>>> print(open('data-v5.cif').read())   # mmCIF, C-alpha atoms
data_structure
loop_
_atom_site.label_atom_id
_atom_site.label_comp_id
_atom_site.auth_asym_id
_atom_site.auth_seq_id
_atom_site.Cartn_x
_atom_site.Cartn_y
_atom_site.Cartn_z
CA MET A 59 3.44 10.43 -35.79
CA GLY A 60 1.09 8.93 -33.16
CA ARG A 61 0.92 9.98 -29.56
CA GLY A 62 2.81 6.83 -28.55
CA ASP A 63 5.85 8.01 -30.56
CA GLY A 64 8.29 10.80 -30.04
CA LYS A 65 8.37 10.79 -26.24
CA ASN A 66 12.04 10.40 -25.43
CA GLY A 67 14.09 10.46 -22.28
CA LEU A 68 13.98 8.41 -19.12
CA ILE A 69 11.08 9.03 -16.78
CA ARG A 70 11.49 8.01 -13.16
CA ALA A 71 8.66 7.77 -10.62
CA ARG A 72 8.31 6.65 -7.05
CA ALA A 73 5.44 6.11 -4.62
CA PRO A 74 5.70 5.48 -0.86
CA LEU A 75 4.73 2.34 1.03
CA ARG A 76 2.46 2.69 4.06
CA LEU A 77 1.66 1.51 7.55
CA GLY A 78 -2.02 0.85 8.18
CA LEU A 79 -2.61 2.15 11.69
CA ALA A 80 -6.31 1.31 12.00
CA GLY A 81 -9.36 0.37 9.96
CA GLY A 82 -7.65 -1.96 7.50
CA GLY A 83 -10.20 -4.37 6.01
CA THR A 84 -13.06 -1.89 6.02
CA ASP A 85 -11.82 -0.69 2.61
CA LEU A 86 -12.78 -4.06 1.10
CA SER A 87 -15.84 -4.59 -1.05
CA PRO A 88 -18.66 -5.09 -0.30
CA TYR A 89 -18.22 -3.75 3.25
CA CYS A 90 -17.31 -0.20 2.21
CA GLN A 91 -20.23 0.01 -0.23
CA LEU A 92 -22.71 -1.28 2.32
CA HIS A 93 -21.47 0.39 5.50
CA GLY A 94 -18.74 2.83 4.54
CA GLY A 95 -15.11 2.13 5.35
CA ALA A 96 -12.56 4.22 7.24
CA VAL A 97 -8.80 3.78 7.43
CA LEU A 98 -5.97 5.68 9.09
CA ASN A 99 -2.58 5.21 7.44
CA VAL A 100 0.80 6.89 7.14
CA THR A 101 3.43 6.60 4.44
CA ILE A 102 6.98 5.62 5.32
CA ASP A 103 10.51 5.93 3.96
CA ARG A 104 10.29 2.89 1.70
CA HIS A 105 9.20 3.28 -1.90
CA ALA A 106 8.19 1.57 -5.11
CA TYR A 107 9.98 2.88 -8.22
CA ALA A 108 9.13 2.81 -11.93
CA PHE A 109 11.41 3.75 -14.83
CA ILE A 110 10.18 4.18 -18.41
CA SER A 111 12.33 4.81 -21.49
CA SER A 112 12.07 4.29 -25.23
CA ARG A 113 13.43 1.28 -27.09
CA SER A 114 14.65 1.47 -30.69
CA ASP A 115 14.21 -2.22 -31.55
CA GLY A 116 10.42 -2.36 -31.88
CA LYS A 117 10.03 -4.33 -28.68
CA THR A 118 8.60 -3.68 -25.22
CA SER A 119 10.23 -5.05 -22.09
CA PHE A 120 8.94 -5.49 -18.54
CA ALA A 121 11.50 -5.87 -15.75
CA ALA A 122 11.28 -6.25 -11.96
CA LEU A 123 14.85 -5.37 -11.03
CA ASP A 124 14.54 -6.42 -7.39
CA MET A 125 13.33 -9.87 -8.48
CA GLY A 126 15.85 -10.32 -11.30
CA VAL A 127 13.08 -10.84 -13.87
CA GLU A 128 12.95 -9.32 -17.36
CA GLU A 129 10.62 -10.27 -20.22
CA ILE A 130 10.82 -8.87 -23.77
CA PHE A 131 8.00 -8.94 -26.33
CA ASP A 132 7.31 -7.72 -29.83
CA VAL A 133 5.12 -4.66 -29.38
CA ASP A 134 2.18 -6.38 -31.08
CA ASP A 135 2.30 -9.13 -28.43
CA SER A 136 3.09 -6.95 -25.43
CA CYS A 137 -0.53 -6.54 -24.27
CA SER A 138 -1.58 -10.17 -24.74
CA ALA A 139 1.46 -12.37 -24.16
CA SER A 140 1.67 -14.53 -21.05
CA THR A 141 3.83 -12.84 -18.43
CA SER A 142 4.76 -13.20 -14.78
CA LEU A 143 4.88 -9.40 -14.47
CA LEU A 144 1.13 -8.81 -14.47
CA LEU A 145 1.29 -5.34 -12.91
CA HIS A 146 3.62 -4.01 -15.59
CA GLN A 147 1.56 -5.45 -18.41
CA GLY A 148 -1.73 -4.39 -16.84
CA VAL A 149 -0.73 -0.72 -16.64
CA TYR A 150 0.87 -0.73 -20.10
CA ARG A 151 -2.22 -2.34 -21.65
CA ARG A 152 -4.66 0.05 -19.96
CA ILE A 153 -2.67 3.17 -20.88
CA CYS A 154 -2.38 2.03 -24.50
CA LYS A 155 -6.12 1.36 -24.66
CA ASP A 156 -7.45 4.43 -22.84
CA TYR A 157 -4.93 7.13 -23.71
CA LEU A 158 -2.83 6.11 -26.73
CA GLY A 159 -5.54 5.04 -29.16
CA ASP A 160 -4.42 1.41 -28.87
CA GLU A 161 -0.96 2.28 -30.14
CA LYS A 162 1.71 0.13 -28.49
CA PRO A 163 4.94 2.08 -28.08
CA ALA A 164 8.28 0.29 -27.81
CA LEU A 165 9.24 0.90 -24.20
CA SER A 166 11.46 -0.37 -21.43
CA ILE A 167 9.37 -0.52 -18.23
CA GLN A 168 11.43 -1.30 -15.13
CA THR A 169 10.53 -1.34 -11.44
CA THR A 170 12.00 -2.00 -8.04
CA VAL A 171 10.53 -1.95 -4.52
CA ASP A 172 12.15 -1.30 -1.12
CA ALA A 173 10.32 -4.27 0.46
CA PRO A 174 9.75 -7.91 -0.42
CA ALA A 175 6.57 -9.04 -2.14
CA GLY A 176 3.89 -9.90 0.41
CA SER A 177 5.29 -7.41 2.92
CA GLY A 178 1.94 -6.09 4.11
CA LEU A 179 3.17 -2.53 3.47
CA GLY A 180 1.03 -2.04 0.37
CA SER A 181 3.99 -2.62 -1.95
CA SER A 182 2.09 -4.00 -4.96
CA SER A 183 -0.38 -1.11 -4.97
CA ALA A 184 2.41 1.45 -4.48
CA LEU A 185 4.10 -0.15 -7.49
CA MET A 186 0.88 0.26 -9.49
CA VAL A 187 0.72 3.94 -8.51
CA ALA A 188 4.38 4.47 -9.45
CA LEU A 189 3.76 2.88 -12.87
CA VAL A 190 0.64 4.98 -13.50
CA GLU A 191 2.50 8.09 -12.33
CA ALA A 192 5.38 7.39 -14.71
CA PHE A 193 3.02 6.97 -17.67
CA ARG A 194 1.12 10.10 -16.63
CA ALA A 195 4.32 12.11 -16.76
CA ARG A 196 5.59 10.57 -19.99
CA TYR A 197 2.40 11.23 -21.93
CA GLU A 198 1.25 14.30 -19.98
CA LEU A 199 -2.04 12.63 -19.05
CA PRO A 200 -4.74 14.71 -17.32
CA LEU A 201 -4.73 12.76 -14.06
CA GLY A 202 -4.82 14.23 -10.55
CA ARG A 203 -4.05 12.28 -7.39
CA TYR A 204 -7.57 10.91 -6.99
CA GLU A 205 -7.58 9.78 -10.62
CA ILE A 206 -4.14 8.18 -10.34
CA ALA A 207 -5.18 6.23 -7.24
CA HIS A 208 -8.50 5.15 -8.75
CA LEU A 209 -6.92 4.06 -12.03
CA ALA A 210 -4.25 2.06 -10.16
CA TRP A 211 -6.98 0.43 -8.06
CA GLU A 212 -9.12 -0.34 -11.12
CA ILE A 213 -6.25 -1.97 -13.02
CA GLU A 214 -5.14 -4.05 -10.03
CA ARG A 215 -8.52 -5.10 -8.68
CA ILE A 216 -10.77 -5.17 -11.76
CA ASP A 217 -8.59 -5.58 -14.86
CA LEU A 218 -6.21 -8.06 -13.22
CA GLY A 219 -8.68 -9.48 -10.68
CA LEU A 220 -6.23 -9.32 -7.76
CA ALA A 221 -7.97 -9.40 -4.37
CA GLY A 222 -7.53 -6.47 -2.02
CA GLY A 223 -8.84 -3.19 -0.74
CA ARG A 224 -8.48 0.45 -1.68
CA GLN A 225 -6.37 2.17 0.96
CA ASP A 226 -2.94 1.35 -0.45
CA GLN A 227 -3.41 3.15 -3.77
CA TYR A 228 -4.64 6.34 -2.08
CA ALA A 229 -1.85 6.28 0.51
CA ALA A 230 0.75 5.93 -2.25
CA ALA A 231 -0.75 8.67 -4.41
CA PHE A 232 -1.30 11.25 -1.64
CA GLY A 233 1.39 10.45 0.95
CA GLY A 234 1.52 11.64 4.56
CA VAL A 235 -0.90 10.85 7.38
CA ASN A 236 -4.44 10.41 6.07
CA PHE A 237 -7.83 9.43 7.39
CA VAL A 238 -9.47 7.94 4.31
CA GLU A 239 -13.19 7.31 3.94
CA PHE A 240 -14.50 4.77 1.42
CA LEU A 241 -18.14 5.24 0.49
CA SER A 242 -20.66 3.78 -1.94
CA ASN A 243 -20.31 4.23 -5.71
CA ASP A 244 -16.50 4.22 -5.41
CA ARG A 245 -16.45 7.58 -3.66
CA VAL A 246 -13.28 8.22 -1.66
CA ILE A 247 -12.44 11.14 0.61
CA VAL A 248 -8.82 11.63 1.68
CA ASN A 249 -8.50 13.74 4.84
CA PRO A 250 -4.89 14.81 5.64
CA LEU A 251 -4.39 15.18 9.40
CA ARG A 252 -3.14 18.32 11.10
CA LEU A 253 -1.29 17.38 14.28
CA VAL A 254 -0.54 19.33 17.42
CA PRO A 255 3.14 20.34 17.77
CA GLY A 256 5.34 17.41 18.75
CA ALA A 257 2.74 14.74 17.96
CA MET A 258 4.38 13.57 14.73
CA GLU A 259 7.78 13.29 16.38
CA GLU A 260 6.37 11.39 19.38
CA ILE A 261 4.54 8.87 17.23
CA GLU A 262 7.35 8.37 14.74
CA SER A 263 9.77 7.76 17.63
CA SER A 264 7.35 5.23 19.14
CA ILE A 265 7.08 2.80 16.20
CA VAL A 266 9.12 -0.28 15.41
CA ILE A 267 8.50 -2.40 12.33
CA CYS A 268 9.69 -5.99 12.00
CA PHE A 269 9.72 -8.31 8.99
CA THR A 270 8.72 -11.75 10.20
CA GLY A 271 10.75 -13.49 7.51
CA GLN A 272 7.59 -14.85 5.93
CA SER A 273 6.12 -13.21 2.85
CA ARG A 274 2.48 -14.03 2.41
CA SER A 275 -0.32 -14.01 -0.10
CA SER A 276 -3.27 -12.07 1.23
CA HIS A 277 -5.67 -13.62 -1.28
CA ASP A 278 -7.26 -16.31 0.92
CA ILE A 279 -7.55 -14.04 3.96
CA ILE A 280 -9.22 -11.30 1.93
CA LEU A 281 -11.66 -13.78 0.41
CA GLN A 282 -12.62 -14.95 3.92
CA GLN A 283 -13.15 -11.37 5.07
CA THR A 284 -15.27 -10.63 2.00
CA SER A 285 -17.26 -13.83 2.47
CA GLY A 286 -18.02 -12.92 6.08
CA VAL A 287 -19.57 -9.65 4.94
CA VAL A 288 -21.49 -11.20 2.04
CA SER A 289 -22.98 -13.86 4.31
CA ALA A 290 -23.55 -11.30 7.09
CA ASP A 291 -21.72 -13.54 9.57
CA ALA A 292 -22.42 -11.95 12.94
CA ASN A 293 -18.90 -12.33 14.35
CA ALA A 294 -17.21 -11.11 11.18
CA MET A 295 -19.54 -8.12 10.89
CA GLU A 296 -19.06 -7.15 14.52
CA ALA A 297 -15.29 -7.30 14.01
CA MET A 298 -15.47 -5.14 10.89
CA HIS A 299 -17.63 -2.54 12.62
CA GLN A 300 -15.12 -2.48 15.49
CA LEU A 301 -12.23 -1.92 13.06
CA LYS A 302 -14.08 1.03 11.55
CA ALA A 303 -14.79 2.55 14.98
CA ASP A 304 -11.15 2.02 15.94
CA ALA A 305 -10.01 4.00 12.89
CA LEU A 306 -11.91 7.05 14.08
CA GLU A 307 -10.64 6.73 17.65
CA MET A 308 -7.07 6.18 16.43
CA LYS A 309 -7.39 9.36 14.38
CA LEU A 310 -8.42 11.39 17.43
CA ALA A 311 -5.53 9.98 19.45
CA PHE A 312 -3.03 10.46 16.63
CA VAL A 313 -3.61 14.18 16.14
CA HIS A 314 -2.69 14.74 19.81
CA GLY A 315 0.22 12.29 19.87
CA ASP A 316 -1.57 10.35 22.62
CA MET A 317 0.46 7.14 22.48
CA PRO A 318 -1.18 5.38 25.47
CA ARG A 319 -4.58 5.84 23.83
CA MET A 320 -3.23 4.74 20.46
CA ALA A 321 -1.81 1.60 22.04
CA GLU A 322 -5.15 0.83 23.67
CA VAL A 323 -6.90 1.15 20.30
CA MET A 324 -4.31 -1.05 18.59
CA ARG A 325 -4.67 -3.79 21.19
CA ARG A 326 -8.43 -3.83 20.75
CA SER A 327 -8.18 -3.58 16.98
CA TRP A 328 -5.74 -6.51 16.75
CA ILE A 329 -8.27 -8.72 18.55
CA ALA A 330 -11.00 -7.60 16.13
CA LYS A 331 -8.79 -8.11 13.08
CA ARG A 332 -8.01 -11.69 14.11
CA ALA A 333 -11.75 -12.34 14.20
CA THR A 334 -12.29 -11.33 10.57
CA ALA A 335 -10.63 -14.43 9.06
CA LYS A 336 -8.57 -17.50 9.87
CA GLY A 337 -4.89 -17.11 9.16
CA VAL A 338 -4.62 -13.42 10.04
CA SER A 339 -2.20 -14.50 12.74
CA THR A 340 0.17 -17.47 12.84
CA THR A 341 2.29 -19.12 15.49
CA ALA A 342 5.31 -17.13 14.32
CA ILE A 343 3.37 -13.85 14.50
CA ASP A 344 2.03 -14.71 17.95
CA ASN A 345 5.56 -15.51 19.13
CA PHE A 346 6.95 -12.20 17.85
CA HIS A 347 4.03 -10.38 19.47
CA ALA A 348 4.61 -12.05 22.86
CA LEU A 349 8.36 -11.37 22.69
CA ALA A 350 7.72 -7.74 21.83
CA VAL A 351 5.39 -7.24 24.80
CA GLU A 352 8.00 -8.81 27.08
CA ASN A 353 10.51 -6.24 25.80
CA GLY A 354 8.51 -3.06 26.18
CA ALA A 355 5.97 -3.03 23.33
CA LEU A 356 2.73 -1.34 24.33
CA ALA A 357 0.81 -2.94 21.47
CA GLY A 358 1.41 -4.65 18.16
CA LYS A 359 -0.27 -6.05 15.08
CA ILE A 360 0.43 -7.39 11.64
CA SER A 361 0.57 -4.88 8.81
CA GLY A 362 -1.77 -5.55 5.91
CA ALA A 363 -4.19 -8.46 5.63
CA GLY A 364 -2.10 -10.78 7.81
CA GLY A 365 -0.50 -14.20 7.62
CA GLY A 366 3.05 -12.84 7.41
CA GLY A 367 4.98 -9.84 6.21
CA PHE A 368 5.74 -6.92 8.53
CA MET A 369 4.53 -6.39 12.05
CA MET A 370 4.38 -2.99 13.71
CA PHE A 371 4.67 -2.15 17.38
CA PHE A 372 4.06 0.89 19.56
CA VAL A 373 6.74 1.37 22.22
CA ARG A 374 7.98 4.21 24.41
CA PRO A 375 10.83 5.95 22.55
CA GLU A 376 13.24 5.19 25.39
CA ASP A 377 12.45 1.46 25.05
CA ARG A 378 12.65 1.33 21.24
CA GLN A 379 16.25 0.18 20.93
CA LYS A 380 15.71 -2.59 23.49
CA LEU A 381 12.77 -3.86 21.46
CA VAL A 382 14.69 -3.75 18.18
CA VAL A 383 17.57 -5.74 19.67
CA ALA A 384 15.22 -8.40 21.10
CA LEU A 385 13.32 -8.85 17.84
CA ARG A 386 16.55 -9.12 15.84
CA ALA A 387 17.90 -11.71 18.26
CA ALA A 388 14.76 -13.78 17.57
CA GLY A 389 15.34 -13.65 13.82
CA GLY A 390 13.17 -10.68 12.92
CA ASP A 391 14.35 -7.84 10.69
CA ALA A 392 13.42 -4.99 13.05
CA SER A 393 14.06 -1.28 12.70
CA ALA A 394 12.76 2.18 13.40
CA VAL A 395 10.83 3.90 10.65
CA ALA A 396 10.52 7.46 9.35
CA PHE A 397 7.30 8.98 8.06
CA THR A 398 7.13 10.66 4.66
CA HIS A 399 4.94 13.59 3.70
CA THR A 400 4.73 13.41 -0.09
CA GLY A 401 2.93 10.94 -2.34
CA SER A 402 3.86 9.77 -5.82
CA VAL A 403 6.33 11.94 -7.72
CA THR A 404 8.09 11.87 -11.10
CA TRP A 405 11.20 13.37 -12.56
CA LYS A 406 13.14 13.13 -15.79
CA ALA A 407 16.66 11.73 -15.73
CA THR A 408 19.36 14.01 -17.11
CA THR A 409 21.57 11.20 -18.39
#
>>> encode(input="data-v5.cif", output="structure tokens")
Amino acid sequence: MGRGDGKNGLIRARAPLRLGLAGGGTDLSPYCQLHGGAVLNVTIDRHAYAFISSRSDGKTSFAALDMGVEEIFDVDDSCSASTSLLLHQGVYRRICKDYLGDEKPALSIQTTVDAPAGSGLGSSSALMVALVEAFRARYELPLGRYEIAHLAWEIERIDLGLAGGRQDQYAAAFGGVNFVEFLSNDRVIVNPLRLVPGAMEEIESSIVICFTGQSRSSHDIILQQTSGVVSADANAMEAMHQLKADALEMKLAFVHGDMPRMAEVMRRSWIAKRATAKGVSTTAIDNFHALAVENGALAGKISGAGGGGFMMFFVRPEDRQKLVVALRAAGGDASAVAFTHTGSVTWKATT
């Protein structure tokens, strides 16, 4: 019996989505290899889930339950067949190749995510981490959190060729509030933050997130940001350096719960982020931003690469409900958010 056989039961895994507070974009290649990147992020109470169980019919199925998509293949075709569920197939193929001796077990691989695709909350990378975590648990693979994050990044960015940075995979694997440094030769250092008493509560109570109603593909924006670094465009490079500096200053403000200073950094960082590529902001995003400021927001920016998805705002806790009501009245899906303190986890279903 091969290693791909005999593993029964239903494995469940989940990994948290994140808010990028500062430094997003500096985790892109080649900037982080040339200059070192730095990002401050925090995971939130929205997750990506993966479920893996055996099939008895000699087939492997990939399903995105939140999208209503399921595809079923003979196991011999499961790694090579054309599929719309690239993330599922990419993880399955890599695990079979690297850890199962190219055996292809008959599995049901299902996922769901608590946010729409293109949300800017790192949902695709969190889904990759959840899938890797589920396979790690099922086959008892010798992978720690750094290895899980790196493998998820490698599958998504190299195997599948999907454009993007590195912060999302590490946020999903580690969870909590982290200052993450991205260095040359794929070195990554995750620094969990220790906050003064009351700081976490103050910051969590001061954040509103709002879905703009527009999912977006970050591909073109990321390619522009990468091109600006490759060509050493002066404006793009200055903006990237500013984003990196802002991550460090945001970290110092965060640990003390200094919301006025955090808002100042976000305002400056949003200007710099808009300078990294066309399309980071849109008319709809600008309108939501202006409305938010009129209704008490101290600062705001788009989450992720830009172009759509979720926005996040800093606001005094006593003004938060007013801001939520105003954004909802304008057609935004606005809400408070809760931070989470754990990364990817797995468990085995009892039924």
>>> resolve_selection(input="data-v5.cif", expression="the PyMOL selection byres ((chain A and resi 304-315) around 9)", output="PyMOL selection string")
chain A and resi 79-82+96-98+236-237+251-261+299-303+316-321+323-324+326-327
>>> write_last_selection(input="data-v5.cif", atoms="C-alpha atoms", output="short mmCIF file (atom, residue, chain, number, x, y, z; two decimals), keeping the file's coordinate frame")
data_model
loop_
_atom_site.label_atom_id
_atom_site.label_comp_id
_atom_site.auth_asym_id
_atom_site.auth_seq_id
_atom_site.Cartn_x
_atom_site.Cartn_y
_atom_site.Cartn_z
CA LEU A 79 -2.61 2.15 11.69
CA ALA A 80 -6.31 1.31 12.00
CA GLY A 81 -9.36 0.37 9.96
CA GLY A 82 -7.65 -1.96 7.50
CA ALA A 96 -12.56 4.22 7.24
CA VAL A 97 -8.80 3.78 7.43
CA LEU A 98 -5.97 5.68 9.09
CA ASN A 236 -4.44 10.41 6.07
CA PHE A 237 -7.83 9.43 7.39
CA LEU A 251 -4.39 15.18 9.40
CA ARG A 252 -3.14 18.32 11.10
CA LEU A 253 -1.29 17.38 14.28
CA VAL A 254 -0.54 19.33 17.42
CA PRO A 255 3.14 20.34 17.77
CA GLY A 256 5.34 17.41 18.75
CA ALA A 257 2.74 14.74 17.96
CA MET A 258 4.38 13.57 14.73
CA GLU A 259 7.78 13.29 16.38
CA GLU A 260 6.37 11.39 19.38
CA ILE A 261 4.54 8.87 17.23
CA HIS A 299 -17.63 -2.54 12.62
CA GLN A 300 -15.12 -2.48 15.49
CA LEU A 301 -12.23 -1.92 13.06
CA LYS A 302 -14.08 1.03 11.55
CA ALA A 303 -14.79 2.55 14.98
CA ASP A 316 -1.57 10.35 22.62
CA MET A 317 0.46 7.14 22.48
CA PRO A 318 -1.18 5.38 25.47
CA ARG A 319 -4.58 5.84 23.83
CA MET A 320 -3.23 4.74 20.46
CA ALA A 321 -1.81 1.60 22.04
CA VAL A 323 -6.90 1.15 20.30
CA MET A 324 -4.31 -1.05 18.59
CA ARG A 326 -8.43 -3.83 20.75
CA SER A 327 -8.18 -3.58 16.98
#
>>> resolve_selection(input="data-v5.cif", expression="the PyMOL selection byres ((chain A and resi 365-376) around 7)", output="CSV table (one decimal) with C-alpha atoms, keeping the file's coordinate frame")
chain,number,residue,atom,x,y,z
A,176,GLY,CA,3.9,-9.9,0.4
A,177,SER,CA,5.3,-7.4,2.9
A,178,GLY,CA,1.9,-6.1,4.1
A,263,SER,CA,9.8,7.8,17.6
A,264,SER,CA,7.4,5.2,19.1
A,265,ILE,CA,7.1,2.8,16.2
A,266,VAL,CA,9.1,-0.3,15.4
A,267,ILE,CA,8.5,-2.4,12.3
A,268,CYS,CA,9.7,-6.0,12.0
A,269,PHE,CA,9.7,-8.3,9.0
A,270,THR,CA,8.7,-11.8,10.2
A,271,GLY,CA,10.8,-13.5,7.5
A,272,GLN,CA,7.6,-14.8,5.9
A,273,SER,CA,6.1,-13.2,2.8
A,274,ARG,CA,2.5,-14.0,2.4
A,321,ALA,CA,-1.8,1.6,22.0
A,337,GLY,CA,-4.9,-17.1,9.2
A,338,VAL,CA,-4.6,-13.4,10.0
A,339,SER,CA,-2.2,-14.5,12.7
A,340,THR,CA,0.2,-17.5,12.8
A,354,GLY,CA,8.5,-3.1,26.2
A,355,ALA,CA,6.0,-3.0,23.3
A,356,LEU,CA,2.7,-1.3,24.3
A,357,ALA,CA,0.8,-2.9,21.5
A,358,GLY,CA,1.4,-4.6,18.2
A,359,LYS,CA,-0.3,-6.0,15.1
A,360,ILE,CA,0.4,-7.4,11.6
A,361,SER,CA,0.6,-4.9,8.8
A,364,GLY,CA,-2.1,-10.8,7.8
A,377,ASP,CA,12.4,1.5,25.0
A,378,ARG,CA,12.6,1.3,21.2
>>> closest_residue(input="data-v5.cif", among="A:Ala229, A:Ile216, A:Ile206, A:Ala388", to="Thr400 of chain A", atoms="only C-alpha atoms")
A:Ala229
>>> atom_distance(input="data-v5.cif", atom1="atom CA of Cys137 of chain A", atom2="atom CA of Tyr107 of chain A")
21.4 Å
>>> resolve_selection(input="data-v5.cif", expression="the PyMOL selection byres ((chain A and resi 116) around 10)", output="list in words")
Ser112, Arg113, Ser114, Asp115, Lys117, Thr118, Phe131, Asp132, Val133, Asp134, Lys162, Pro163, Ala164 and Leu165 of chain A
>>> residues_around(input="data-v5.cif", residues="Thr398 of chain A", least_positions_apart="3", cutoff="10 Å", atoms="all atoms listed in the file", output="ChimeraX atom specification")
/A:74-76,100-104,233-235,395,401
>>> axis_aligned_box(input="data-v5.cif", around="segment 375-392 of chain A", padding_each_side="5 Å", output="AutoDock Vina command-line options")
--center_x 14.4 --center_y -3.9 --center_z 18.0 --size_x 17.1 --size_y 29.7 --size_z 24.7
